[in-house]
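query.txt (compact mmCIF, C-alpha atoms and all ligand atoms) appears below.
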# COMPACT_ATOMS: atom_id res chain seq x y z
CA GLU A 1 17.39 -1.49 23.19
CA GLN A 2 20.57 -2.29 21.29
CA GLY A 3 21.26 -6.01 21.14
CA GLN A 4 18.12 -7.02 23.02
CA ALA A 5 16.53 -10.16 21.57
CA TRP A 6 12.77 -10.72 21.53
CA LEU A 7 10.58 -13.68 20.79
CA ILE A 8 6.86 -13.89 20.30
CA ARG A 9 5.21 -17.26 20.66
CA ALA A 10 2.04 -17.42 18.55
CA ARG A 11 0.48 -18.98 15.49
CA VAL A 12 2.78 -17.72 12.73
CA LEU A 13 1.77 -17.36 9.07
CA SER A 14 3.69 -16.01 6.10
CA PHE A 15 4.05 -16.70 2.37
CA ASP A 16 7.21 -17.77 0.56
CA ALA A 17 5.52 -17.68 -2.87
CA ASP A 18 2.26 -16.79 -4.58
CA PRO A 19 -0.43 -19.30 -3.52
CA GLY A 20 -2.32 -18.77 -6.82
CA ASP A 21 -6.05 -18.27 -7.29
CA GLY A 22 -7.21 -21.80 -6.47
CA ASP A 23 -9.03 -22.85 -3.32
CA THR A 24 -5.94 -24.74 -2.18
CA PRO A 25 -2.69 -22.81 -2.10
CA ARG A 26 0.19 -23.86 -4.35
CA GLU A 27 2.71 -26.22 -2.81
CA GLY A 28 5.39 -24.39 -0.86
CA SER A 29 3.62 -21.03 -0.80
CA VAL A 30 2.15 -21.03 2.72
CA VAL A 31 4.44 -21.25 5.74
CA TYR A 32 2.41 -21.84 8.88
CA HIS A 33 3.41 -22.81 12.41
CA GLN A 34 0.53 -23.60 14.74
CA ASP A 35 2.79 -23.38 17.82
CA GLY A 36 5.21 -21.01 16.21
CA ALA A 37 7.68 -18.34 17.16
CA LEU A 38 9.26 -15.25 15.67
CA TRP A 39 12.61 -14.13 17.05
CA TRP A 40 14.12 -10.72 16.35
CA ALA A 41 16.82 -8.31 17.52
CA ASP A 42 17.99 -4.87 16.39
CA GLY A 43 15.02 -4.51 14.06
CA ARG A 44 15.77 -7.70 12.12
CA ILE A 45 14.29 -11.17 12.17
CA GLN A 46 16.75 -13.72 13.59
CA GLY A 47 14.64 -16.83 13.28
CA VAL A 48 11.16 -18.16 12.64
CA GLY A 49 9.65 -21.60 13.00
CA ASP A 50 8.14 -24.05 15.44
CA TYR A 51 8.50 -22.81 18.99
CA ARG A 52 10.06 -26.06 20.15
CA THR A 53 12.54 -26.26 17.29
CA LEU A 54 13.64 -22.67 17.82
CA THR A 55 13.98 -22.83 21.61
CA PRO A 56 17.45 -24.48 21.84
CA GLN A 57 19.04 -21.78 19.64
CA LEU A 58 17.82 -18.76 21.58
CA PRO A 59 20.06 -16.39 23.56
CA ALA A 60 19.69 -16.73 27.34
CA ASP A 61 18.56 -13.16 27.95
CA ILE A 62 15.77 -13.16 25.32
CA SER A 63 12.45 -11.53 26.25
CA VAL A 64 9.55 -13.86 25.50
CA ILE A 65 6.05 -12.61 24.70
CA ASP A 66 3.45 -15.35 24.98
CA GLN A 67 0.53 -14.77 22.60
CA ARG A 68 -0.27 -18.39 21.84
CA ASP A 69 -3.90 -17.66 20.94
CA LYS A 70 -2.98 -14.90 18.45
CA LEU A 71 -1.96 -15.04 14.78
CA VAL A 72 1.24 -13.30 13.70
CA MET A 73 1.61 -12.19 10.07
CA PRO A 74 3.99 -9.85 8.27
CA GLY A 75 2.87 -6.21 8.49
CA PHE A 76 0.33 -5.25 5.85
CA ILE A 77 1.38 -3.15 2.86
CA ASP A 78 -0.76 -0.48 1.16
CA SER A 79 0.53 0.29 -2.33
CA HIS A 80 -1.45 3.49 -2.94
CA VAL A 81 -2.78 5.97 -0.38
CA HIS A 82 -3.01 9.76 0.08
CA TYR A 83 -2.13 10.83 3.62
CA VAL A 84 -3.31 14.38 2.85
CA GLN A 85 -6.85 13.12 2.22
CA LEU A 86 -7.48 11.52 5.60
CA ASP A 87 -9.88 14.29 6.62
CA ILE A 88 -11.99 14.18 3.45
CA MET A 89 -12.84 10.50 3.60
CA ALA A 90 -16.59 9.98 3.32
CA SER A 91 -17.37 13.11 1.27
CA TYR A 92 -20.75 12.60 -0.33
CA GLY A 93 -22.01 12.14 -3.79
CA ARG A 94 -19.39 12.85 -6.42
CA GLN A 95 -17.44 10.96 -9.05
CA LEU A 96 -13.75 11.51 -9.62
CA LEU A 97 -13.42 14.89 -11.36
CA ASP A 98 -16.05 16.68 -9.24
CA TRP A 99 -14.74 14.98 -6.11
CA LEU A 100 -11.26 16.33 -6.86
CA ASN A 101 -12.50 19.89 -7.42
CA ASP A 102 -15.06 20.03 -4.62
CA TYR A 103 -13.26 18.24 -1.81
CA THR A 104 -9.73 17.13 -2.61
CA PHE A 105 -8.02 20.20 -4.02
CA PRO A 106 -9.36 22.59 -1.33
CA GLU A 107 -8.22 20.13 1.36
CA GLU A 108 -4.74 19.69 -0.12
CA CYS A 109 -4.27 23.49 -0.13
CA ARG A 110 -4.10 23.32 3.67
CA PHE A 111 -0.77 21.47 3.47
CA ALA A 112 1.06 24.66 2.55
CA GLN A 113 1.31 25.03 6.34
CA ARG A 114 4.05 22.83 7.78
CA ALA A 115 2.34 22.61 11.16
CA HIS A 116 -0.81 21.23 9.54
CA ALA A 117 1.23 18.71 7.55
CA ASP A 118 3.04 17.59 10.72
CA ASN A 119 -0.26 17.04 12.53
CA MET A 120 -1.76 15.12 9.66
CA ALA A 121 1.33 12.96 9.07
CA ASP A 122 1.23 11.99 12.71
CA ALA A 123 -2.52 11.27 12.67
CA PHE A 124 -2.19 9.24 9.47
CA LEU A 125 0.67 7.08 10.75
CA LYS A 126 -1.20 6.45 14.00
CA GLU A 127 -4.16 5.24 11.97
CA LEU A 128 -1.94 3.07 9.79
CA MET A 129 -0.45 1.42 12.88
CA ARG A 130 -3.95 0.87 14.32
CA VAL A 131 -4.89 -1.15 11.23
CA GLY A 132 -1.64 -3.11 11.01
CA THR A 133 -0.24 -1.43 7.90
CA THR A 134 3.50 -1.07 8.38
CA THR A 135 4.47 0.06 4.85
CA ALA A 136 2.66 2.27 2.35
CA GLN A 137 3.32 4.09 -0.90
CA VAL A 138 2.00 7.54 -0.13
CA PHE A 139 0.90 10.63 -2.04
CA CYS A 140 1.72 13.85 -0.20
CA SER A 141 0.46 17.22 -1.53
CA SER A 142 2.25 19.42 -4.06
CA HIS A 143 3.96 21.29 -1.21
CA PRO A 144 7.51 20.03 -0.50
CA ASN A 145 6.76 20.72 3.18
CA SER A 146 4.14 18.00 3.17
CA VAL A 147 6.80 15.47 2.15
CA ASP A 148 9.30 16.62 4.77
CA ALA A 149 6.53 16.32 7.36
CA PHE A 150 5.60 12.81 6.27
CA PHE A 151 9.13 11.41 5.99
CA SER A 152 10.15 12.99 9.31
CA ALA A 153 7.22 11.36 11.08
CA ALA A 154 7.93 7.98 9.45
CA GLN A 155 11.63 8.21 10.26
CA ARG A 156 10.97 8.93 13.94
CA ARG A 157 8.95 5.73 14.13
CA GLY A 158 11.51 3.67 12.19
CA LEU A 159 9.08 2.79 9.41
CA CYS A 160 9.62 1.61 5.84
CA MET A 161 7.66 4.08 3.69
CA LEU A 162 7.61 5.31 0.10
CA ALA A 163 6.28 8.79 -0.64
CA GLY A 164 6.54 11.76 -2.95
CA LYS A 165 5.54 15.32 -3.69
CA VAL A 166 2.64 15.63 -6.09
CA LEU A 167 3.69 17.17 -9.40
CA MET A 168 0.86 19.23 -10.91
CA ASP A 169 1.46 22.34 -12.96
CA ARG A 170 -2.05 22.90 -14.39
CA HIS A 171 -5.80 22.40 -14.01
CA ALA A 172 -5.99 22.98 -10.28
CA PRO A 173 -6.23 26.00 -7.95
CA GLU A 174 -3.31 28.39 -8.07
CA ALA A 175 -2.40 27.53 -4.47
CA LEU A 176 -1.92 23.90 -5.43
CA THR A 177 -0.11 24.02 -8.77
CA ASP A 178 3.68 24.05 -8.93
CA LYS A 179 5.92 25.52 -11.60
CA THR A 180 6.68 23.08 -14.39
CA LEU A 181 10.39 22.79 -13.63
CA GLY A 182 10.20 24.24 -10.10
CA GLY A 183 8.25 21.12 -9.12
CA ILE A 184 11.03 18.98 -10.58
CA ARG A 185 13.72 20.92 -8.71
CA ASP A 186 11.77 20.49 -5.46
CA THR A 187 11.51 16.78 -6.22
CA GLU A 188 15.29 16.58 -6.70
CA ARG A 189 15.86 18.26 -3.35
CA LEU A 190 13.47 15.85 -1.62
CA ILE A 191 15.13 12.86 -3.30
CA SER A 192 18.54 13.94 -2.05
CA ASP A 193 17.23 14.49 1.49
CA TRP A 194 15.10 11.37 1.83
CA HIS A 195 15.60 8.65 -0.81
CA GLY A 196 17.49 5.77 0.82
CA THR A 197 17.59 7.52 4.20
CA ASP A 198 16.94 4.89 6.89
CA ARG A 199 13.94 2.89 5.64
CA LEU A 200 12.52 5.57 3.34
CA GLY A 201 12.27 5.67 -0.44
CA TYR A 202 11.15 8.29 -2.92
CA SER A 203 8.29 7.88 -5.39
CA VAL A 204 8.21 10.43 -8.20
CA THR A 205 4.55 11.51 -8.14
CA PRO A 206 2.91 13.19 -11.13
CA ARG A 207 -0.72 13.30 -9.93
CA PHE A 208 -2.18 12.13 -13.27
CA ALA A 209 -1.93 13.16 -16.90
CA PRO A 210 -4.53 15.97 -16.83
CA THR A 211 -2.74 17.99 -14.14
CA SER A 212 0.76 17.92 -15.66
CA THR A 213 1.99 19.44 -18.91
CA ARG A 214 3.92 17.22 -21.27
CA THR A 215 7.05 19.14 -20.29
CA GLN A 216 6.58 18.22 -16.64
CA LEU A 217 5.82 14.56 -17.41
CA ASP A 218 8.95 14.36 -19.56
CA ALA A 219 11.05 15.88 -16.77
CA ALA A 220 9.61 13.36 -14.29
CA GLY A 221 10.63 10.60 -16.72
CA GLY A 222 14.10 12.13 -16.84
CA LEU A 223 14.45 11.74 -13.05
CA LEU A 224 13.56 8.05 -13.31
CA HIS A 225 15.94 7.57 -16.22
CA ASN A 226 18.82 9.01 -14.20
CA ASP A 227 18.18 6.91 -11.09
CA GLU A 228 16.66 3.45 -11.47
CA SER A 229 16.25 3.06 -7.72
CA LEU A 230 13.42 5.63 -7.66
CA TRP A 231 9.76 4.62 -7.62
CA LEU A 232 6.92 6.19 -9.60
CA GLN A 233 3.27 6.53 -8.58
CA THR A 234 0.35 8.04 -10.46
CA HIS A 235 -3.23 7.33 -11.57
CA LEU A 236 -4.42 5.67 -14.78
CA SER A 237 -7.83 5.02 -16.40
CA GLU A 238 -9.99 5.34 -13.31
CA ASN A 239 -13.05 7.15 -14.58
CA LEU A 240 -14.73 7.56 -17.98
CA GLY A 241 -14.88 11.38 -17.75
CA GLU A 242 -11.17 11.36 -16.99
CA LEU A 243 -10.49 9.23 -20.10
CA ASP A 244 -12.29 11.73 -22.36
CA TRP A 245 -10.36 14.60 -20.83
CA VAL A 246 -7.00 12.87 -21.36
CA ALA A 247 -7.88 12.13 -25.00
CA GLU A 248 -8.62 15.83 -25.49
CA LEU A 249 -5.46 17.04 -23.74
CA PHE A 250 -3.06 14.57 -25.41
CA PRO A 251 -4.22 14.14 -29.01
CA GLU A 252 -0.74 12.86 -29.93
CA SER A 253 -1.22 9.75 -27.75
CA ARG A 254 -3.29 6.84 -29.02
CA ASP A 255 -4.51 6.01 -25.50
CA TYR A 256 -4.09 7.05 -21.85
CA LEU A 257 -1.22 4.66 -21.17
CA GLU A 258 0.73 5.99 -24.14
CA VAL A 259 0.80 9.44 -22.51
CA TYR A 260 2.90 7.90 -19.73
CA GLU A 261 4.92 5.67 -22.07
CA GLN A 262 5.94 8.65 -24.19
CA SER A 263 7.35 10.36 -21.10
CA GLY A 264 9.27 7.29 -19.89
CA LEU A 265 7.13 6.70 -16.81
CA VAL A 266 6.33 3.00 -17.26
CA GLY A 267 8.73 0.58 -15.58
CA PRO A 268 9.06 -2.14 -12.92
CA ARG A 269 8.98 0.38 -10.07
CA SER A 270 5.90 2.20 -11.41
CA THR A 271 2.50 1.86 -9.73
CA PHE A 272 -0.58 3.01 -11.64
CA ALA A 273 -3.60 3.32 -9.40
CA HIS A 274 -6.94 1.95 -10.67
CA GLY A 275 -6.43 0.91 -14.33
CA ILE A 276 -10.09 -0.05 -14.52
CA HIS A 277 -10.76 0.94 -18.13
CA LEU A 278 -7.96 -0.81 -20.02
CA ASP A 279 -7.99 -3.03 -23.07
CA ASN A 280 -5.85 -6.16 -23.41
CA GLY A 281 -3.30 -4.30 -25.48
CA MET A 282 -2.70 -1.82 -22.66
CA ARG A 283 -2.57 -4.61 -20.09
CA LYS A 284 0.06 -6.37 -22.20
CA ARG A 285 2.15 -3.23 -22.55
CA LEU A 286 2.10 -2.72 -18.79
CA ALA A 287 2.98 -6.39 -18.24
CA GLU A 288 5.88 -6.25 -20.70
CA ARG A 289 7.44 -3.47 -18.66
CA SER A 290 6.66 -5.22 -15.35
CA ALA A 291 4.65 -2.20 -14.20
CA ASN A 292 2.03 -2.50 -11.46
CA ILE A 293 -1.65 -1.68 -11.31
CA ALA A 294 -2.97 -0.89 -7.82
CA PHE A 295 -6.39 -2.43 -7.36
CA CYS A 296 -8.27 -0.05 -5.03
CA PRO A 297 -11.64 -1.75 -4.54
CA SER A 298 -13.21 0.42 -1.83
CA SER A 299 -12.23 3.57 -3.69
CA ASN A 300 -13.49 2.25 -7.03
CA LEU A 301 -16.83 1.50 -5.41
CA PHE A 302 -17.01 4.79 -3.49
CA LEU A 303 -16.41 6.99 -6.54
CA GLY A 304 -18.50 4.72 -8.77
CA SER A 305 -15.48 4.29 -11.02
CA GLY A 306 -16.10 0.71 -12.09
CA LEU A 307 -15.39 -2.94 -11.38
CA PHE A 308 -11.76 -3.94 -11.77
CA ASP A 309 -11.37 -7.14 -13.80
CA ARG A 310 -8.70 -9.06 -11.88
CA HIS A 311 -8.83 -12.12 -14.13
CA ALA A 312 -8.24 -10.11 -17.30
CA ALA A 313 -5.25 -8.55 -15.55
CA HIS A 314 -3.88 -11.98 -14.55
CA GLU A 315 -4.38 -13.33 -18.04
CA SER A 316 -2.29 -10.53 -19.49
CA GLY A 317 0.44 -11.28 -16.93
CA LEU A 318 -0.07 -7.91 -15.27
CA ASN A 319 1.33 -7.35 -11.77
CA LEU A 320 -1.36 -6.34 -9.30
CA THR A 321 -1.03 -4.64 -5.98
CA LEU A 322 -3.75 -3.98 -3.44
CA ALA A 323 -4.48 -0.54 -2.02
CA SER A 324 -6.87 1.51 0.11
CA ASP A 325 -6.60 4.78 -1.86
CA ILE A 326 -7.75 6.90 1.08
CA GLY A 327 -9.45 9.47 0.86
CA ALA A 328 -11.56 8.02 -1.98
CA GLY A 329 -11.22 4.65 -0.28
CA THR A 330 -13.61 4.12 2.60
CA ASP A 331 -11.30 2.30 4.99
CA LEU A 332 -7.59 2.32 5.70
CA SER A 333 -7.63 -1.27 6.92
CA GLY A 334 -6.13 -3.93 4.66
CA LEU A 335 -8.82 -6.29 5.94
CA ALA A 336 -11.51 -3.92 4.62
CA THR A 337 -9.67 -3.67 1.31
CA LEU A 338 -9.74 -7.48 1.04
CA LYS A 339 -13.44 -7.52 1.84
CA ALA A 340 -14.21 -4.95 -0.87
CA GLY A 341 -11.94 -6.86 -3.26
CA TYR A 342 -13.88 -10.04 -2.59
CA GLN A 343 -17.20 -8.28 -3.17
CA VAL A 344 -16.08 -6.72 -6.46
CA GLY A 345 -14.77 -10.14 -7.48
CA GLN A 346 -18.13 -11.74 -6.71
CA LEU A 347 -19.90 -9.34 -9.08
CA LEU A 348 -17.55 -10.46 -11.85
CA GLY A 349 -17.59 -14.17 -10.99
CA GLN A 350 -14.01 -14.07 -9.73
CA PRO A 351 -14.07 -14.27 -5.90
CA LEU A 352 -10.81 -13.52 -4.12
CA THR A 353 -9.56 -16.36 -1.92
CA ALA A 354 -8.22 -15.63 1.55
CA TRP A 355 -4.89 -17.17 0.54
CA SER A 356 -4.52 -14.91 -2.44
CA GLY A 357 -5.78 -11.91 -0.44
CA PHE A 358 -3.41 -12.22 2.51
CA HIS A 359 -0.53 -13.02 0.19
CA ALA A 360 -1.29 -9.81 -1.74
CA LEU A 361 -1.42 -7.72 1.44
CA THR A 362 2.00 -8.97 2.54
CA ARG A 363 4.52 -10.63 0.21
CA GLY A 364 2.59 -9.83 -2.97
CA ASN A 365 2.66 -6.08 -2.45
CA ALA A 366 6.28 -6.29 -1.28
CA VAL A 367 7.34 -8.09 -4.48
CA SER A 368 5.42 -5.66 -6.70
CA LEU A 369 7.01 -2.68 -4.96
CA SER A 370 10.50 -4.26 -5.14
CA LEU A 371 10.69 -4.30 -1.35
CA ASP A 372 10.69 -8.08 -0.97
CA ASP A 373 14.35 -8.19 0.01
CA ARG A 374 13.35 -6.36 3.22
CA ILE A 375 9.68 -6.88 4.05
CA GLY A 376 6.59 -8.97 3.29
CA ARG A 377 7.56 -12.34 4.73
CA PHE A 378 9.36 -13.92 7.64
CA ALA A 379 12.96 -15.04 7.16
CA PRO A 380 16.23 -14.35 8.96
CA GLY A 381 17.65 -10.97 7.95
CA MET A 382 14.28 -9.49 6.97
CA ASP A 383 13.00 -6.43 8.81
CA ALA A 384 10.94 -7.15 11.93
CA ASP A 385 7.60 -5.71 10.74
CA PHE A 386 4.61 -7.74 11.85
CA VAL A 387 1.04 -7.70 13.14
CA VAL A 388 -0.37 -9.66 16.05
CA ILE A 389 -3.95 -10.53 15.17
CA ASP A 390 -6.78 -11.29 17.56
CA LEU A 391 -9.13 -13.60 15.67
CA SER A 392 -11.79 -13.22 18.37
CA ALA A 393 -11.70 -9.45 18.54
CA SER A 394 -15.46 -9.03 18.83
CA PRO A 395 -18.16 -11.28 20.27
CA LEU A 396 -19.46 -11.92 16.76
CA MET A 397 -16.03 -12.83 15.43
CA ALA A 398 -15.46 -15.14 18.37
CA ARG A 399 -18.74 -16.94 17.62
CA ARG A 400 -17.97 -17.28 13.93
CA MET A 401 -14.36 -18.37 14.49
CA ALA A 402 -15.56 -21.11 16.82
CA ARG A 403 -17.27 -22.66 13.79
CA CYS A 404 -14.17 -22.59 11.59
CA GLU A 405 -12.55 -25.92 10.83
CA SER A 406 -9.44 -24.81 8.97
CA LEU A 407 -6.96 -21.97 8.74
CA ALA A 408 -8.44 -21.08 5.32
CA GLU A 409 -11.87 -20.59 6.90
CA GLU A 410 -10.44 -18.54 9.74
CA LEU A 411 -8.59 -16.28 7.30
CA PHE A 412 -11.68 -15.80 5.18
CA THR A 413 -13.72 -14.93 8.27
CA LEU A 414 -11.00 -12.47 9.28
CA MET A 415 -11.13 -10.75 5.90
CA MET A 416 -14.92 -10.46 5.96
CA LEU A 417 -15.57 -9.65 9.63
CA GLY A 418 -12.24 -8.21 10.79
CA ASP A 419 -11.48 -4.54 11.33
CA ASP A 420 -9.12 -2.45 13.47
CA ARG A 421 -10.20 -4.35 16.59
CA ALA A 422 -8.53 -7.47 15.19
CA ILE A 423 -5.15 -5.72 15.22
CA PHE A 424 -3.95 -6.49 18.73
CA GLU A 425 -0.42 -5.17 18.21
CA THR A 426 1.62 -3.71 15.38
CA TRP A 427 5.43 -3.94 15.39
CA ALA A 428 7.74 -2.33 12.86
CA GLY A 429 11.50 -2.08 12.77
CA GLY A 430 11.39 -4.33 15.83
CA ARG A 431 9.54 -1.63 17.80
CA LEU A 432 6.06 -1.80 19.26
CA GLN A 433 4.10 0.82 17.28
CA HIS A 434 0.59 0.14 18.49
CA ARG A 435 -1.22 -1.92 21.10
CA ARG A 436 -5.00 -2.09 21.13
CA GLN A 437 -6.53 -0.53 24.23
CA ASN A 438 -8.40 -3.19 26.27
N1 LIG A 501 -6.80 10.97 -9.86
C1 LIG A 501 -6.06 12.09 -9.72
N2 LIG A 501 -5.95 12.45 -8.43
C2 LIG A 501 -6.63 11.54 -7.72
C3 LIG A 501 -6.89 11.37 -6.33
O1 LIG A 501 -6.45 12.14 -5.47
N3 LIG A 501 -7.65 10.30 -5.98
C4 LIG A 501 -8.14 9.42 -6.90
N4 LIG A 501 -8.87 8.39 -6.48
N5 LIG A 501 -7.92 9.56 -8.20
C5 LIG A 501 -7.17 10.62 -8.62
ZN ZN A 502 -5.14 7.82 -5.54
Output the structure of this file as structure tokens.
Ligand code: GUN
Ligand code: ZN
Amino acid sequence: EQGQAWLIRARVLSFDADPGDGDTPREGSVVYHQDGALWWADGRIQGVGDYRTLTPQLPADISVIDQRDKLVMPGFIDSHVHYVQLDIMASYGRQLLDWLNDYTFPEECRFAQRAHADNMADAFLKELMRVGTTTAQVFCSSHPNSVDAFFSAAQRRGLCMLAGKVLMDRHAPEALTDKTLGGIRDTERLISDWHGTDRLGYSVTPRFAPTSTRTQLDAAGGLLHNDESLWLQTHLSENLGELDWVAELFPESRDYLEVYEQSGLVGPRSTFAHGIHLDNGMRKRLAERSANIAFCPSSNLFLGSGLFDRHAAHESGLNLTLASDIGAGTDLSGLATLKAGYQVGQLLGQPLTAWSGFHALTRGNAVSLSLDDRIGRFAPGMDADFVVIDLSASPLMARRMARCESLAEELFTLMMLGDDRAIFETWAGGRLQHRRQN
């Protein structure tokens, strides 16, 4: 209700800065209150800190939620996910290009129907809330309807979401391709209806180089050039077969990244999913333009795309985000993404620390997506998006947690053993979005 103040008393964790890759977080990065409290009203955080320090400042009519045994963190952020692929998760046996043709394109054709898109947008957002993800950058299908459906559903819930209509004018079934400039006009209409409306933002969304003509890529770049507040999302260097195809289709470009550079698609609000097969020169060029690579570990493993080299990325100064990439990803949960990220890291001798992982899921992704003025950490004035985590969500977790001697150990256990059961409640825009049953 308007004006109503709320407070949750719990263990409260957020990050004010990047903790780095070391076993101990950098000074000043972790903000943790063992007996903490988060206070919010009208969808915004009013205060955060030690429960006892905060108490004297609180309004008299505040509603207090006592969850002293739980851990409160900013809502998780997923920087790359396809809501239209929820129902083709776990489709057997293909790598990228066959997987697209055999499963993905036929499924996305179904989103020509608005009623189907409405159902799926609702199902997808319910799942996101169940896993504690309060913000995502989302691929819709090539049908403008699918974007209206998604943004409408997000708006009703008061969520902060980025999304866009897939641009693809070739190399896909007739029912899925748009017209080269018709797709751009539809994008302009969607931008004017949704970009900056409530907590929503528009991501210009050319699927990837092979499914757009140069003319369409250039026109997408034109949209970004005219409005610097727009985001861009696409795919880059995920699969070796894809790389060969791009080289064939764009002989005028010296590498895959240059296809996007030539069309003006590489900037600080651009997110390129995967970026597995890059050389240091490409990493540097991305870093120089402050562009982001979305590391999608469960998807990269599922499609057999390759092992993403996080250290090489860091060394080139490249911004990384973390993403599920459903439906090629195998789990929507940010905890599962961290687990897969850790496992990929182990194979390359670069294990992901819990500090670095939970920072990436919250403030890290917010900074990379230029949303850190609104979400990703706890401070007065920030949006009230947070998860209430049950560290003893299963008998096994309870046993393992009982052995933990530090917050770092508890967080690592959470990222390896946690799943949707650990998400006790999800709040976004100051509203309760999900509460675990029993
Ligand atoms: N490359 C182009 N389209 C897609 C997609 O839908 N999923 C993944 N993982 N890669 C892509
Ligand atoms: Zn993707």
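By all atoms listed in the file, and with residues fewer than 3 positions from Leu217 of chain A along its chain excluded, the set lying at most 6 Å from it is Arg214, Ala220 and Ser263 of chain A.
Counting all atoms listed in the file, the residue from A:Val387, A:Ile326, A:Leu71, A:Ala428 that sits nearest to ligand ZN 502 (chain A) is A:Ile326.
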Can you work out the spacing between atom CA of Ile423 of chain A and atom CA of Gln67 of chain A in Å, to one decimal? 13.0 Å
With distances taken over only C-alpha atoms and all ligand atoms, the candidate from A:Gly381, A:Pro395, A:Gly327, A:Gly201 nearest ligand ZN 502 (chain A) is A:Gly327
Work out how far apart atom CA of Asp419 of chain A and atom CA of Ile389 of chain A are and give it in Å to one decimal. 10.4 Å
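You can rank A:His80, A:Arg170, A:Lys179, A:His277 by their closest distance to ligand ZN 502 (chain A) using all atoms listed in the file, and at the top of that list sits A:His80.
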Please check which residues have atoms at most 12 Å from (14.9, -6.8, 12.5) in the file's coordinates, counting all atoms listed in the file, and write them as an MDAnalysis selection string. chainID A and resid 2:7 38:48 158:160 199 374:375 378:386 427:431
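From atom CA of Gly20 of chain A back to atom CA of Asp331 of chain A, the distance works out to 25.8 Å.
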Quick one: of A:Lys339, A:Met282, A:Asp390, A:Ala354, who's nearest to Ala10 of chain A, counting all atoms listed in the file? A:Asp390
Within 7 Å of ligand ZN 502 (chain A) (counting only C-alpha atoms and all ligand atoms), which residues show up? I'd like them as a PDB file with C-alpha atoms, keeping the file's coordinate frame.
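Result saved to pocket33.pdb:
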ATOM      1  CA  HIS A  80      -1.450   3.490  -2.940  1.00  0.00           C
ATOM      2  CA  VAL A  81      -2.780   5.970  -0.380  1.00  0.00           C
ATOM      3  CA  HIS A  82      -3.010   9.760   0.080  1.00  0.00           C
ATOM      4  CA  HIS A 235      -3.230   7.330 -11.570  1.00  0.00           C
ATOM      5  CA  ALA A 273      -3.600   3.320  -9.400  1.00  0.00           C
ATOM      6  CA  ASP A 325      -6.600   4.780  -1.860  1.00  0.00           C
TER       7      ASP A 325
END
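Selection of all polymer residues within 7 Å of ligand LIG 501 (chain A) on the basis of only C-alpha atoms and all ligand atoms gives His82, Leu96, Leu100, Thr104, Arg207, Phe208, His235, Glu238, Ser299, Asp325 and Ala328 of chain A.
Selection around (-15.2, 12.9, -12.8) with radius 9 Å, counting all atoms listed in the file, yields the residues Arg94, Gln95, Leu96, Leu97, Asp98, Trp99, Leu100, Asn239, Leu240, Gly241, Glu242, Leu303 and Ser305 of chain A.
For the residues A:Gly264, A:Pro74, A:Gly306, A:Gly49, ranking by smallest atom-to-atom distance to Gly364 of chain A using all atoms listed in the file places A:Pro74 first.
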Given only C-alpha atoms as the basis, pick out the residue of A:Asp148, A:Asn280, A:Met397, A:Gln137 nearest to Leu322 of chain A. A:Gln137
Mind giving me the axis-aligned box for segment 89-98 of chain A with 6 Å on every side, centre plus edges in Å to one decimal, as lines of an AutoDock Vina configuration file?
center_x = -17.4
center_y = 13.3
center_z = -3.9
size_x = 21.2
size_y = 18.7
size_z = 27.0
Counting only C-alpha atoms, what is within 12 Å of Ala366 of chain A, bar same-chain residues fewer than 5 positions away, as a ChimeraX atom specification? /A:15-18,74-79,134-137,160-162,269,292,319-322,358-361,371-377,382
